[in-house]
file protein-v1.txt (compact mmCIF, C-alpha atoms and all ligand atoms)
# COMPACT_ATOMS: atom_id res chain seq x y z
CA MET A 293 -41.15 -14.41 -29.93
CA SER A 294 -40.10 -17.13 -32.33
CA PHE A 295 -41.59 -20.62 -32.52
CA LEU A 296 -38.23 -22.07 -31.49
CA GLN A 297 -38.18 -19.76 -28.46
CA ASP A 298 -41.69 -20.94 -27.50
CA ILE A 299 -40.53 -24.56 -27.58
CA LEU A 300 -37.37 -23.73 -25.61
CA ASN A 301 -39.45 -21.95 -22.95
CA VAL A 302 -41.50 -25.12 -22.46
CA ILE A 303 -38.46 -27.43 -22.24
CA LEU A 304 -36.18 -25.00 -20.39
CA PRO A 305 -38.38 -22.30 -18.83
CA PRO A 306 -36.64 -19.09 -17.71
CA ARG A 307 -35.93 -19.16 -13.99
CA CYS A 308 -35.23 -16.56 -11.32
CA ALA A 309 -31.46 -16.41 -10.77
CA VAL A 310 -31.96 -16.09 -7.01
CA CYS A 311 -34.73 -18.52 -5.96
CA GLY A 312 -35.05 -20.69 -9.09
CA GLU A 313 -38.78 -19.95 -9.50
CA VAL A 314 -40.09 -20.35 -13.09
CA LEU A 315 -40.69 -16.91 -14.62
CA SER A 316 -43.68 -16.15 -16.84
CA ILE A 317 -41.72 -13.27 -18.39
CA ASP A 318 -37.99 -13.81 -18.94
CA LYS A 319 -36.57 -10.96 -16.89
CA GLY A 320 -33.90 -12.82 -14.89
CA ILE A 321 -35.26 -12.20 -11.38
CA CYS A 322 -38.75 -12.74 -9.92
CA ASP A 323 -40.69 -9.84 -8.37
CA LYS A 324 -40.36 -11.28 -4.86
CA CYS A 325 -36.54 -11.47 -5.09
CA ILE A 326 -36.33 -7.97 -6.59
CA GLU A 327 -38.27 -6.71 -3.53
CA ASP A 328 -35.75 -8.45 -1.26
CA ILE A 329 -32.72 -6.72 -2.83
CA ASP A 330 -31.08 -4.29 -0.39
CA PHE A 331 -30.91 -1.26 -2.70
CA LEU A 332 -28.61 1.51 -1.49
CA SER A 333 -30.60 4.69 -1.87
CA ASP A 334 -31.26 6.49 1.41
CA SER A 335 -28.56 8.37 3.26
CA ILE A 336 -25.77 7.47 0.88
CA CYS A 337 -22.72 9.73 0.68
CA TYR A 338 -23.03 11.98 -2.40
CA ARG A 339 -19.35 11.38 -3.20
CA CYS A 340 -18.45 7.79 -2.34
CA GLY A 341 -21.93 6.22 -2.17
CA GLN A 342 -21.38 4.75 1.30
CA PRO A 343 -24.71 4.24 3.16
CA HIS A 344 -25.47 5.68 6.62
CA SER A 345 -23.79 9.00 5.86
CA SER A 346 -24.94 11.67 8.27
CA PHE A 347 -23.00 14.86 7.47
CA ILE A 348 -24.18 17.58 5.06
CA ASP A 349 -21.75 19.35 2.70
CA LYS A 350 -21.79 23.03 1.64
CA LYS A 351 -24.17 22.27 -1.23
CA GLY A 352 -26.62 20.41 1.02
CA HIS A 353 -25.67 16.87 -0.05
CA LYS A 354 -25.37 13.99 2.39
CA ILE A 355 -21.70 13.12 2.90
CA CYS A 356 -19.71 10.66 4.99
CA GLY A 357 -17.05 11.64 7.53
CA ASN A 358 -14.28 10.26 5.35
CA CYS A 359 -15.22 12.34 2.28
CA LEU A 360 -15.73 15.39 4.49
CA ALA A 361 -12.20 14.99 5.87
CA HIS A 362 -10.62 14.16 2.48
CA PRO A 363 -12.37 16.23 -0.21
CA ARG A 364 -9.68 15.54 -2.87
CA ARG A 365 -10.37 11.99 -3.94
CA LEU A 366 -9.43 9.78 -6.88
CA PHE A 367 -13.08 9.33 -7.85
CA ARG A 368 -15.60 12.08 -8.51
CA PHE A 369 -18.50 9.74 -7.68
CA SER A 370 -18.76 6.13 -6.58
CA ARG A 371 -22.08 4.27 -6.62
CA SER A 372 -23.40 0.73 -6.18
CA ALA A 373 -26.95 -0.48 -6.76
CA CYS A 374 -27.18 -2.69 -3.67
CA SER A 375 -25.31 -4.17 -0.75
CA TYR A 376 -23.37 -7.39 -1.32
CA ASP A 377 -25.64 -9.73 0.62
CA SER A 378 -26.65 -13.33 -0.19
CA ILE A 379 -29.10 -12.19 -2.93
CA ALA A 380 -26.54 -9.98 -4.70
CA GLN A 381 -23.97 -12.75 -4.35
CA LYS A 382 -26.28 -15.26 -6.11
CA LEU A 383 -26.99 -12.80 -8.92
CA ILE A 384 -23.33 -11.99 -9.48
CA LEU A 385 -22.13 -15.61 -9.25
CA ASN A 386 -24.79 -16.59 -11.80
CA LEU A 387 -23.73 -13.78 -14.12
CA LYS A 388 -20.02 -14.57 -13.72
CA PHE A 389 -19.77 -18.32 -13.59
CA HIS A 390 -23.04 -19.91 -14.67
CA ASP A 391 -23.55 -18.34 -18.09
CA ARG A 392 -26.53 -16.26 -16.94
CA THR A 393 -25.44 -13.46 -19.25
CA ASP A 394 -29.14 -12.57 -19.61
CA LEU A 395 -28.86 -10.99 -16.13
CA ALA A 396 -26.63 -8.21 -17.48
CA SER A 397 -29.71 -6.39 -18.76
CA VAL A 398 -31.64 -6.22 -15.47
CA LEU A 399 -28.47 -5.59 -13.42
CA ALA A 400 -27.42 -2.74 -15.72
CA LYS A 401 -30.87 -1.16 -15.25
CA MET A 402 -30.37 -1.31 -11.47
CA MET A 403 -26.93 0.29 -11.92
CA TYR A 404 -28.38 2.98 -14.18
CA VAL A 405 -30.84 3.99 -11.43
CA ALA A 406 -28.10 3.91 -8.77
CA GLY A 407 -25.83 6.00 -11.03
CA LYS A 408 -28.28 8.86 -11.58
CA ASP A 409 -25.93 11.45 -10.00
CA ILE A 410 -23.07 10.21 -12.19
CA PHE A 411 -25.06 10.39 -15.44
CA ALA A 412 -26.60 13.74 -14.46
CA SER A 413 -23.08 15.15 -14.00
CA GLY A 414 -22.00 13.87 -17.42
CA VAL A 415 -20.04 10.86 -18.66
CA ASP A 416 -18.14 10.73 -21.97
CA VAL A 417 -16.71 7.21 -21.90
CA ILE A 418 -17.67 3.98 -20.12
CA ILE A 419 -14.83 1.52 -19.41
CA PRO A 420 -15.30 -1.97 -17.96
CA VAL A 421 -12.73 -3.40 -15.55
CA PRO A 422 -10.84 -5.86 -17.78
CA LEU A 423 -10.10 -9.54 -17.19
CA HIS A 424 -6.79 -11.20 -18.02
CA TYR A 425 -7.08 -12.89 -21.44
CA THR A 426 -6.56 -16.37 -19.94
CA ARG A 427 -9.63 -15.83 -17.77
CA ILE A 428 -11.67 -14.70 -20.77
CA LEU A 429 -10.61 -17.85 -22.64
CA LYS A 430 -11.92 -19.91 -19.73
CA ARG A 431 -15.11 -17.94 -18.99
CA LYS A 432 -15.71 -16.82 -22.60
CA TYR A 433 -16.89 -13.38 -21.52
CA ASN A 434 -16.12 -10.52 -19.16
CA GLN A 435 -19.13 -9.83 -16.93
CA SER A 436 -18.11 -6.18 -16.44
CA ALA A 437 -17.94 -5.69 -20.21
CA LEU A 438 -21.48 -7.09 -20.54
CA LEU A 439 -22.71 -4.61 -17.91
CA ALA A 440 -20.84 -1.75 -19.60
CA LYS A 441 -22.35 -2.66 -22.96
CA GLU A 442 -25.89 -2.63 -21.49
CA LEU A 443 -25.23 0.71 -19.78
CA GLY A 444 -23.94 2.08 -23.08
CA ARG A 445 -27.19 0.98 -24.72
CA LEU A 446 -29.30 2.56 -21.97
CA THR A 447 -27.48 5.89 -21.99
CA GLY A 448 -26.08 6.22 -25.51
CA ILE A 449 -22.61 6.75 -23.99
CA LYS A 450 -19.63 5.28 -25.83
CA VAL A 451 -18.06 2.15 -24.30
CA CYS A 452 -14.31 1.63 -24.77
CA TYR A 453 -12.95 -1.89 -24.40
CA ASP A 454 -9.40 -1.12 -25.56
CA VAL A 455 -8.26 1.49 -23.05
CA LEU A 456 -7.52 -0.75 -20.08
CA THR A 457 -5.99 -4.22 -20.18
CA LYS A 458 -5.02 -6.60 -17.44
CA SER A 459 -1.33 -7.28 -17.87
CA ARG A 460 -0.95 -10.20 -15.48
CA MET A 461 -2.98 -12.87 -13.76
CA THR A 462 -3.98 -12.10 -10.17
CA ARG A 463 -5.52 -14.30 -7.52
CA PRO A 464 -9.29 -13.82 -7.09
CA GLN A 465 -9.62 -10.89 -4.67
CA VAL A 466 -12.06 -12.87 -2.49
CA GLU A 467 -9.20 -15.27 -1.66
CA CYS A 468 -7.01 -12.46 -0.33
CA SER A 469 -7.03 -10.64 3.00
CA GLY A 470 -7.58 -6.86 3.01
CA PHE A 471 -3.85 -6.10 2.94
CA GLU A 472 -3.07 -8.77 0.32
CA ARG A 473 -5.75 -7.39 -2.01
CA LEU A 474 -3.84 -4.17 -2.47
CA ASN A 475 -0.61 -5.96 -3.45
CA ASN A 476 -2.44 -8.59 -5.48
CA VAL A 477 -3.67 -6.06 -8.06
CA LYS A 478 -0.87 -3.49 -7.79
CA GLY A 479 0.23 -2.48 -11.29
CA ALA A 480 -1.94 -5.20 -12.85
CA PHE A 481 -3.72 -2.84 -15.24
CA LEU A 482 -2.19 -1.18 -18.29
CA LEU A 483 -3.35 1.91 -20.11
CA LYS A 484 -3.61 1.77 -23.90
CA ASN A 485 -4.98 4.25 -26.45
CA SER A 486 -4.80 7.01 -23.84
CA GLU A 487 -5.90 9.63 -26.41
CA LYS A 488 -9.40 8.14 -26.24
CA ILE A 489 -9.90 9.37 -22.67
CA LYS A 490 -7.69 12.44 -22.43
CA GLY A 491 -9.79 15.29 -20.98
CA LYS A 492 -12.87 13.02 -20.83
CA ARG A 493 -15.24 12.11 -18.00
CA VAL A 494 -14.66 8.40 -17.51
CA LEU A 495 -16.96 5.90 -15.82
CA LEU A 496 -15.44 2.60 -14.64
CA ILE A 497 -17.75 -0.42 -14.41
CA ASP A 498 -17.27 -3.52 -12.25
CA ASP A 499 -19.49 -6.12 -10.60
CA VAL A 500 -18.55 -5.88 -6.91
CA LEU A 501 -16.77 -3.32 -4.75
CA THR A 502 -15.14 -4.97 -1.76
CA THR A 503 -12.10 -3.09 -0.49
CA GLY A 504 -12.00 -1.04 -3.71
CA SER A 505 -8.40 -2.12 -4.51
CA THR A 506 -9.21 -3.31 -8.05
CA ILE A 507 -11.17 -0.25 -9.10
CA LYS A 508 -8.52 2.00 -7.53
CA GLU A 509 -5.73 0.32 -9.52
CA CYS A 510 -7.77 0.78 -12.70
CA ALA A 511 -8.30 4.45 -11.87
CA LEU A 512 -4.57 4.96 -11.24
CA ALA A 513 -3.80 3.52 -14.68
CA ILE A 514 -6.50 5.69 -16.30
CA LYS A 515 -5.29 8.80 -14.49
CA LYS A 516 -2.07 8.69 -16.53
CA ALA A 517 -4.16 9.70 -19.56
CA HIS A 518 -5.28 12.90 -17.75
CA PRO A 519 -9.06 12.39 -17.90
CA LYS A 520 -11.32 15.19 -16.65
CA SER A 521 -12.88 12.95 -13.98
CA ILE A 522 -13.23 9.29 -13.00
CA ASP A 523 -16.38 7.70 -11.50
CA ASN A 524 -17.13 4.12 -10.63
CA LEU A 525 -20.37 2.18 -10.69
CA THR A 526 -20.87 -1.39 -9.47
CA ILE A 527 -23.79 -3.75 -8.94
CA ALA A 528 -23.03 -4.32 -5.28
CA ARG A 529 -20.65 -3.32 -2.53
CA VAL A 530 -19.62 -4.75 0.80
CA VAL A 531 -21.07 -2.38 3.41
ZN ZN A 601 -36.86 -15.29 -7.11
ZN ZN A 602 -18.15 9.37 1.31
call {"tool": "encode", "arguments": {"input": "protein-v1.txt", "output": "structure tokens"}}
result
Amino acid sequence: MSFLQDILNVILPPRCAVCGEVLSIDKGICDKCIEDIDFLSDSICYRCGQPHSSFIDKKGHKICGNCLAHPRRLFRFSRSACSYDSIAQKLILNLKFHDRTDLASVLAKMMYVAGKDIFASGVDVIIPVPLHYTRILKRKYNQSALLAKELGRLTGIKVCYDVLTKSRMTRPQVECSGFERLNNVKGAFLLKNSEKIKGKRVLLIDDVLTTGSTIKECALAIKKAHPKSIDNLTIARVV
């Protein structure tokens, strides 16, 4: 660590993004808060990642009633690292709005663990859910692109930032009701450079899965390029 970094750590010590505790090692979250994260691991549906899934499919995987009833789905796999509770909310808000871009590293590691079935089944291209350019100008970065970049580093998988674009501004999904969310993002994503994903196994990356409207719209745009499969991986989901 550089001398300048040593001085900075004394003046502005690294703090846990959840509880604000000073960290001896700059890893974004303290051990206590990591323990309190509600990781989704047991009894998740092998297909959609929904917890509390109690059915078993032909291959012996846990599966939810919805996936059992509708085996042909837009996504091959869907996974989230944890449930969207107050801890996950603090982490994501800090990453998105408070310049805690350092959190992308630890959050991507959590996503990598949660996405083990996805990576084991093979991924050719990672694509982050894009932001409208006016939002990037304001925020200076796209949090999903930061997560995608870290996942690319962890896995060695190529990340493509120029396949999906957001063609129009939408209201923040959290401000919309369930029904409004669907219309809010309808047709908001455009496919470009489709040759980059034709016949490929594509993994979409976003921060939160709420109703799934955003990620579904992205997948519908991507589908036009005829990829082999589409998965999605998020930090947290509303359960
Ligand atoms: Zn903490
Ligand atoms: Zn399911």
call {"tool": "closest_atom_pairs", "arguments": {"input": "protein-v1.txt", "of": "region 417-485 of chain A", "to": "region 504-524 of chain A", "cutoff": "9 Å", "atoms": "all atoms listed in the file", "output": "Markdown table"}}
result
| residue | atom | partner | partner_atom | distance |
| --- | --- | --- | --- | --- |
| A:Val421 | CA | A:Cys510 | CA | 7.1 |
| A:Pro422 | CA | A:Cys510 | CA | 8.9 |
| A:Val455 | CA | A:Ile514 | CA | 8.1 |
| A:Leu456 | CA | A:Ile514 | CA | 7.5 |
| A:Gln465 | CA | A:Thr506 | CA | 8.3 |
| A:Gly470 | CA | A:Ser505 | CA | 8.9 |
| A:Arg473 | CA | A:Ser505 | CA | 6.4 |
| A:Leu474 | CA | A:Ser505 | CA | 5.4 |
| A:Asn475 | CA | A:Ser505 | CA | 8.7 |
| A:Asn476 | CA | A:Ser505 | CA | 8.9 |
| A:Val477 | CA | A:Thr506 | CA | 6.2 |
| A:Lys478 | CA | A:Glu509 | CA | 6.4 |
| A:Gly479 | CA | A:Glu509 | CA | 6.8 |
| A:Ala480 | CA | A:Glu509 | CA | 7.5 |
| A:Phe481 | CA | A:Cys510 | CA | 6.0 |
| A:Leu482 | CA | A:Ala513 | CA | 6.1 |
| A:Leu483 | CA | A:Ala513 | CA | 5.7 |
| A:Asn485 | CA | A:Ala517 | CA | 8.8 |
call {"tool": "residues_around", "arguments": {"input": "protein-v1.txt", "residues": "Cys359 (chain A)", "least_positions_apart": "3", "cutoff": "9 Å", "atoms": "only C-alpha atoms", "output": "ChimeraX atom specification"}}
result
/A:337,339-340,355-356,362-365
call {"tool": "write_last_selection", "arguments": {"input": "protein-v1.txt", "atoms": "C-alpha atoms", "output": "PDB file, keeping the file's coordinate frame"}}
result
ATOM      1  CA  CYS A 337     -22.720   9.730   0.680  1.00  0.00           C
ATOM      2  CA  ARG A 339     -19.350  11.380  -3.200  1.00  0.00           C
ATOM      3  CA  CYS A 340     -18.450   7.790  -2.340  1.00  0.00           C
ATOM      4  CA  ILE A 355     -21.700  13.120   2.900  1.00  0.00           C
ATOM      5  CA  CYS A 356     -19.710  10.660   4.990  1.00  0.00           C
ATOM      6  CA  HIS A 362     -10.620  14.160   2.480  1.00  0.00           C
ATOM      7  CA  PRO A 363     -12.370  16.230  -0.210  1.00  0.00           C
ATOM      8  CA  ARG A 364      -9.680  15.540  -2.870  1.00  0.00           C
ATOM      9  CA  ARG A 365     -10.370  11.990  -3.940  1.00  0.00           C
TER      10      ARG A 365
END
call {"tool": "closest_residue", "arguments": {"input": "protein-v1.txt", "among": "A:Lys490, A:Lys351, A:Lys401, A:Lys432", "to": "Ser372 (chain A)", "atoms": "all atoms listed in the file"}}
result
A:Lys401
call {"tool": "atom_distance", "arguments": {"input": "protein-v1.txt", "atom1": "CA of Cys468 (chain A)", "atom2": "CA of Met402 (chain A)"}}
result
28.2 Å
call {"tool": "residues_near_ligand", "arguments": {"input": "protein-v1.txt", "ligand": "ligand ZN 601 (chain A)", "cutoff": "8 Å", "atoms": "only C-alpha atoms and all ligand atoms", "output": "ChimeraX atom specification"}}
result
/A:307-313,321-326
call {"tool": "residues_near_point", "arguments": {"input": "protein-v1.txt", "point": "(-25.1, -0.4, -4.8)", "cutoff": "7 Å", "atoms": "only C-alpha atoms", "output": "list in words"}}
result
Phe331, Leu332, Arg371, Ser372, Ala373, Cys374, Ser375, Ala406, Thr526, Ile527, Ala528 and Arg529 of chain A
call {"tool": "residues_near_point", "arguments": {"input": "protein-v1.txt", "point": "(-17.2, -8.2, -21.3)", "cutoff": "12 Å", "atoms": "all atoms listed in the file", "output": "MDAnalysis selection string"}}
result
chainID A and resid 387:388 393 396 419:425 427:429 431:442 451:454 457 497:499
call {"tool": "closest_residue", "arguments": {"input": "protein-v1.txt", "among": "A:Asp409, A:Ile379, A:Gly491, A:Gln297", "to": "Ile336 (chain A)", "atoms": "all atoms listed in the file"}}
result
A:Asp409
call {"tool": "atom_distance", "arguments": {"input": "protein-v1.txt", "atom1": "CA of Gly341 (chain A)", "atom2": "CA of Leu399 (chain A)"}}
result
17.6 Å
call {"tool": "closest_residue", "arguments": {"input": "protein-v1.txt", "among": "A:His344, A:Ser333, A:Asp318, A:Pro305", "to": "ligand ZN 602 (chain A)", "atoms": "all atoms listed in the file"}}
result
A:His344
